[in-house]
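As C-alpha cells, the structure follows; a few thoughts come after it.
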Amino acid sequence: MKKIDFVKLFYIFVLGSVVGWVFEGIFTFVVDKQILNHSAVVIGPFDFAYGICAVVLTLLFYRIPKISAVQAFIITYIAGSILEYAMSFGMEKILGFTAWDYTGKFLNINGRICFVFSCFWGLLGILWIKVIYPAIEKLLNKFDYEVANKVALFLLVFLILDTVLTISATNRAVALYNGVEPRNKYERFLDSSFNRVYLKNMYNNEFL
C-alpha cells in the first residue's frame, strides 16, 4: 500500500477515528474529571470527526514533500475549523442536536467553533504530519493488499450498519423521551441497550 487510494484513506479514517476517541477520552478525564465515550457510533471506539480530519490532512499534505510547522498549523487551523463547523451543523440537522457547544468561549462562531479549539486543530496538524502519519504510513505499507481489501470491506460494512443503528437508537431515544412506548422487540432492544443515558455519555452530555 505505497500510494494513496480508497483503501488506504479508509484505514487512515478508521485509525484516525480510534486515535481521536482515545485522545478525547484522556482529555475529558484530565480536564473535566469525567469518563465519556466520545464515539460517533454506538458500537466501537470511533470518533468520526478525527477520522474525517485525518483523511483531509492526508490529502492536503500528501503531495507536499516538505512543509513547515507554521504552514501545517495555518492550513489545519483553517481546514479543521471548516470541518468542525460543518459537522456541528450537519449533526444538528440530521440528529437534532450537536455534541459540542462553544457558546461563551473566546471568538466562537455560533457556538460551533472557537479560537482555542481551532488552535488545537492547528497543533494536531503539526503532530499529524510530523509524527502520526509517518508511523501510520509505515504500518500500512506492510499490509498485504488483498488481505487489506477484505478487512477494509468488512470494516466498511460494519461501520455503515453501526451508523444506521446509531441513527435508529437516537431517533428511538427521542421518541421514548417524548412518551412513545416501544412497539416491537427491536425498539425494546434499543431502549435497553442504547438508551438516553448511554447516548448522553456518547455525546458529551449534550443529548436531550
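Residues in the C-alpha cells are numbered from 1 in each chain, the chains being A, B, ... in the order shown, and ligands are numbered from 1 in the order shown.
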Residue contacts of Val116 of chain A (10 Å, only C-alpha atoms) excluding same-chain residues fewer than 5 positions away, as a PyMOL selection string: chain A and resi 102+105-108+121-122
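Residues in contact with segment 73-85 of chain A at up to 8 Å, not including ones fewer than 6 positions away on its chain and judged by only C-alpha atoms, are A:Ala49, A:Cys53, A:Leu57, A:Arg112, A:Ile113, A:Ser118, A:Cys119, A:Phe120, A:Trp121, A:Gly122, A:Leu123, A:Leu124, A:Gly125, A:Ile126.
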Write out the residues from the selection above, keeping N, CA and C atoms, as a PDB file, in the first residue's frame.
ATOM      1  N   ALA A  49     -15.132  12.540  13.666  1.00  0.00           N
ATOM      2  CA  ALA A  49     -14.610  13.888  13.424  1.00  0.00           C
ATOM      3  C   ALA A  49     -13.099  13.827  13.188  1.00  0.00           C
ATOM      4  N   CYS A  53     -10.978  14.349   9.665  1.00  0.00           N
ATOM      5  CA  CYS A  53      -9.861  15.298   9.680  1.00  0.00           C
ATOM      6  C   CYS A  53      -8.567  14.618   9.234  1.00  0.00           C
ATOM      7  N   LEU A  57      -6.397  15.928   6.109  1.00  0.00           N
ATOM      8  CA  LEU A  57      -4.996  16.305   6.290  1.00  0.00           C
ATOM      9  C   LEU A  57      -4.079  15.497   5.377  1.00  0.00           C
ATOM     10  N   ARG A 112     -20.302  26.845  17.339  1.00  0.00           N
ATOM     11  CA  ARG A 112     -19.862  25.639  16.632  1.00  0.00           C
ATOM     12  C   ARG A 112     -18.339  25.512  16.605  1.00  0.00           C
ATOM     13  N   ILE A 113     -17.643  26.625  16.509  1.00  0.00           N
ATOM     14  CA  ILE A 113     -16.185  26.623  16.552  1.00  0.00           C
ATOM     15  C   ILE A 113     -15.736  27.795  17.420  1.00  0.00           C
ATOM     16  N   SER A 118      -9.840  25.766  17.524  1.00  0.00           N
ATOM     17  CA  SER A 118      -9.266  25.872  16.182  1.00  0.00           C
ATOM     18  C   SER A 118      -7.744  25.825  16.261  1.00  0.00           C
ATOM     19  N   CYS A 119      -7.182  26.457  17.312  1.00  0.00           N
ATOM     20  CA  CYS A 119      -5.735  26.355  17.543  1.00  0.00           C
ATOM     21  C   CYS A 119      -5.342  24.906  17.828  1.00  0.00           C
ATOM     22  N   PHE A 120      -6.219  24.205  18.533  1.00  0.00           N
ATOM     23  CA  PHE A 120      -5.965  22.782  18.804  1.00  0.00           C
ATOM     24  C   PHE A 120      -5.863  22.007  17.497  1.00  0.00           C
ATOM     25  N   TRP A 121      -6.771  22.290  16.542  1.00  0.00           N
ATOM     26  CA  TRP A 121      -6.697  21.617  15.245  1.00  0.00           C
ATOM     27  C   TRP A 121      -5.371  21.922  14.567  1.00  0.00           C
ATOM     28  N   GLY A 122      -4.907  23.184  14.688  1.00  0.00           N
ATOM     29  CA  GLY A 122      -3.624  23.548  14.096  1.00  0.00           C
ATOM     30  C   GLY A 122      -2.469  22.756  14.684  1.00  0.00           C
ATOM     31  N   LEU A 123      -2.465  22.619  16.003  1.00  0.00           N
ATOM     32  CA  LEU A 123      -1.421  21.837  16.670  1.00  0.00           C
ATOM     33  C   LEU A 123      -1.511  20.360  16.292  1.00  0.00           C
ATOM     34  N   LEU A 124      -2.741  19.884  16.166  1.00  0.00           N
ATOM     35  CA  LEU A 124      -2.935  18.492  15.763  1.00  0.00           C
ATOM     36  C   LEU A 124      -2.387  18.258  14.359  1.00  0.00           C
ATOM     37  N   GLY A 125      -2.511  19.260  13.498  1.00  0.00           N
ATOM     38  CA  GLY A 125      -1.980  19.156  12.144  1.00  0.00           C
ATOM     39  C   GLY A 125      -0.469  18.976  12.148  1.00  0.00           C
ATOM     40  N   ILE A 126       0.212  19.721  13.018  1.00  0.00           N
ATOM     41  CA  ILE A 126       1.667  19.577  13.134  1.00  0.00           C
ATOM     42  C   ILE A 126       2.013  18.170  13.611  1.00  0.00           C
TER      43      ILE A 126
END
As an MDAnalysis selection string, please: the residues near Ala173 of chain A (cut-off 10 Å, only C-alpha atoms, same-chain neighbours under 5 positions excluded). chainID A and resid 167:168 178:180 187 190:191 194:199 207:208
Write the selection just made, keeping N, CA and C atoms, as a PDB file, in the first residue's frame?
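This is the output file part.pdb:
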ATOM      1  N   ILE A 167     -28.254   6.014  14.321  1.00  0.00           N
ATOM      2  CA  ILE A 167     -29.348   6.926  13.966  1.00  0.00           C
ATOM      3  C   ILE A 167     -30.674   6.386  14.483  1.00  0.00           C
ATOM      4  N   SER A 168     -30.864   5.065  14.327  1.00  0.00           N
ATOM      5  CA  SER A 168     -32.083   4.424  14.813  1.00  0.00           C
ATOM      6  C   SER A 168     -32.208   4.562  16.329  1.00  0.00           C
ATOM      7  N   ASN A 178     -40.173  11.486  24.522  1.00  0.00           N
ATOM      8  CA  ASN A 178     -41.445  12.182  24.274  1.00  0.00           C
ATOM      9  C   ASN A 178     -42.664  11.333  24.614  1.00  0.00           C
ATOM     10  N   GLY A 179     -42.436  10.164  25.260  1.00  0.00           N
ATOM     11  CA  GLY A 179     -43.547   9.361  25.753  1.00  0.00           C
ATOM     12  C   GLY A 179     -44.046   8.279  24.829  1.00  0.00           C
ATOM     13  N   VAL A 180     -43.320   8.006  23.737  1.00  0.00           N
ATOM     14  CA  VAL A 180     -43.739   6.970  22.799  1.00  0.00           C
ATOM     15  C   VAL A 180     -43.214   5.618  23.282  1.00  0.00           C
ATOM     16  N   GLU A 187     -37.364  -2.149  19.139  1.00  0.00           N
ATOM     17  CA  GLU A 187     -37.406  -0.906  19.900  1.00  0.00           C
ATOM     18  C   GLU A 187     -37.162  -1.156  21.383  1.00  0.00           C
ATOM     19  N   LEU A 190     -33.435  -1.442  21.693  1.00  0.00           N
ATOM     20  CA  LEU A 190     -32.804  -0.124  21.691  1.00  0.00           C
ATOM     21  C   LEU A 190     -32.986   0.582  23.026  1.00  0.00           C
ATOM     22  N   ASP A 191     -34.168   0.465  23.599  1.00  0.00           N
ATOM     23  CA  ASP A 191     -34.448   1.114  24.885  1.00  0.00           C
ATOM     24  C   ASP A 191     -33.563   0.569  26.006  1.00  0.00           C
ATOM     25  N   PHE A 194     -29.210   0.935  24.103  1.00  0.00           N
ATOM     26  CA  PHE A 194     -28.664   2.229  23.666  1.00  0.00           C
ATOM     27  C   PHE A 194     -29.659   3.339  23.999  1.00  0.00           C
ATOM     28  N   ASN A 195     -29.939   3.479  25.270  1.00  0.00           N
ATOM     29  CA  ASN A 195     -30.952   4.427  25.710  1.00  0.00           C
ATOM     30  C   ASN A 195     -30.387   5.836  25.890  1.00  0.00           C
ATOM     31  N   ARG A 196     -31.200   6.698  26.472  1.00  0.00           N
ATOM     32  CA  ARG A 196     -30.820   8.104  26.644  1.00  0.00           C
ATOM     33  C   ARG A 196     -29.554   8.260  27.478  1.00  0.00           C
ATOM     34  N   VAL A 197     -29.425   7.479  28.536  1.00  0.00           N
ATOM     35  CA  VAL A 197     -28.237   7.565  29.396  1.00  0.00           C
ATOM     36  C   VAL A 197     -26.981   7.191  28.604  1.00  0.00           C
ATOM     37  N   TYR A 198     -27.072   6.124  27.826  1.00  0.00           N
ATOM     38  CA  TYR A 198     -25.948   5.670  27.009  1.00  0.00           C
ATOM     39  C   TYR A 198     -25.552   6.742  25.997  1.00  0.00           C
ATOM     40  N   LEU A 199     -26.536   7.339  25.345  1.00  0.00           N
ATOM     41  CA  LEU A 199     -26.274   8.338  24.312  1.00  0.00           C
ATOM     42  C   LEU A 199     -25.744   9.641  24.897  1.00  0.00           C
ATOM     43  N   PHE A 207     -26.900  15.352  24.698  1.00  0.00           N
ATOM     44  CA  PHE A 207     -28.087  14.715  24.146  1.00  0.00           C
ATOM     45  C   PHE A 207     -29.258  14.828  25.116  1.00  0.00           C
ATOM     46  N   LEU A 208     -30.361  15.425  24.694  1.00  0.00           N
ATOM     47  CA  LEU A 208     -31.574  15.592  25.498  1.00  0.00           C
ATOM     48  C   LEU A 208     -31.225  16.105  26.903  1.00  0.00           C
TER      49      LEU A 208
END
So which bits of chain A end up alpha helix (DSSP H) when you DSSP the backbone, as number ranges by chain? A: 6-32, 48-61, 69-95, 115-127, 133-140, 145-177, 185-193, 196-202
Using only C-alpha atoms, which residues of segment 111-173 of chain A come within 10 Å of segment 6-28 of chain A, and what is the closest atom pair for each, with the distance in Å to one decimal? Give it as JSON lines, sorted by chain and residue number.
{"residue": "A:Trp128", "atom": "CA", "partner": "A:Gly16", "partner_atom": "CA", "distance": 9.7}
{"residue": "A:Ile132", "atom": "CA", "partner": "A:Gly16", "partner_atom": "CA", "distance": 9.3}
{"residue": "A:Tyr133", "atom": "CA", "partner": "A:Ile12", "partner_atom": "CA", "distance": 8.6}
{"residue": "A:Ile136", "atom": "CA", "partner": "A:Ile12", "partner_atom": "CA", "distance": 7.6}
{"residue": "A:Glu137", "atom": "CA", "partner": "A:Ile12", "partner_atom": "CA", "distance": 8.9}
{"residue": "A:Leu140", "atom": "CA", "partner": "A:Lys8", "partner_atom": "CA", "distance": 7.4}
{"residue": "A:Asn141", "atom": "CA", "partner": "A:Lys8", "partner_atom": "CA", "distance": 9.3}
{"residue": "A:Tyr145", "atom": "CA", "partner": "A:Val7", "partner_atom": "CA", "distance": 9.1}
{"residue": "A:Ala148", "atom": "CA", "partner": "A:Val7", "partner_atom": "CA", "distance": 7.7}
{"residue": "A:Asn149", "atom": "CA", "partner": "A:Val7", "partner_atom": "CA", "distance": 6.6}
{"residue": "A:Lys150", "atom": "CA", "partner": "A:Val7", "partner_atom": "CA", "distance": 9.8}
{"residue": "A:Val151", "atom": "CA", "partner": "A:Tyr11", "partner_atom": "CA", "distance": 9.7}
{"residue": "A:Ala152", "atom": "CA", "partner": "A:Val7", "partner_atom": "CA", "distance": 6.6}
{"residue": "A:Leu153", "atom": "CA", "partner": "A:Val7", "partner_atom": "CA", "distance": 8.8}
{"residue": "A:Leu155", "atom": "CA", "partner": "A:Val14", "partner_atom": "CA", "distance": 8.6}
{"residue": "A:Leu156", "atom": "CA", "partner": "A:Phe10", "partner_atom": "CA", "distance": 8.3}
{"residue": "A:Leu159", "atom": "CA", "partner": "A:Val14", "partner_atom": "CA", "distance": 9.5}
At a cut-off of 12 Å, using only C-alpha atoms, what residues contact Thr98 of chain A? Leave out same-chain residues fewer than 5 positions from it and give the result as a PyMOL selection string. chain A and resi 40+84-93+110-113+200+202-208
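Distance-wise, atom CA of Asn201 of chain A and atom CA of Phe46 of chain A end up 14.1 Å apart.
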So how many Å separate atom CA of Thr166 of chain A and atom CA of Val41 of chain A, to one decimal? 5.5 Å
Distance in Å - atom CA of Ala69 of chain A versus atom CA of Lys130 of chain A: 8.4 Å
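Residue nearest Ala54 of chain A within the list A:Leu161, A:Leu127, A:Val147, A:Val70: A:Leu127 [criterion: smallest interatomic distance, only C-alpha atoms].
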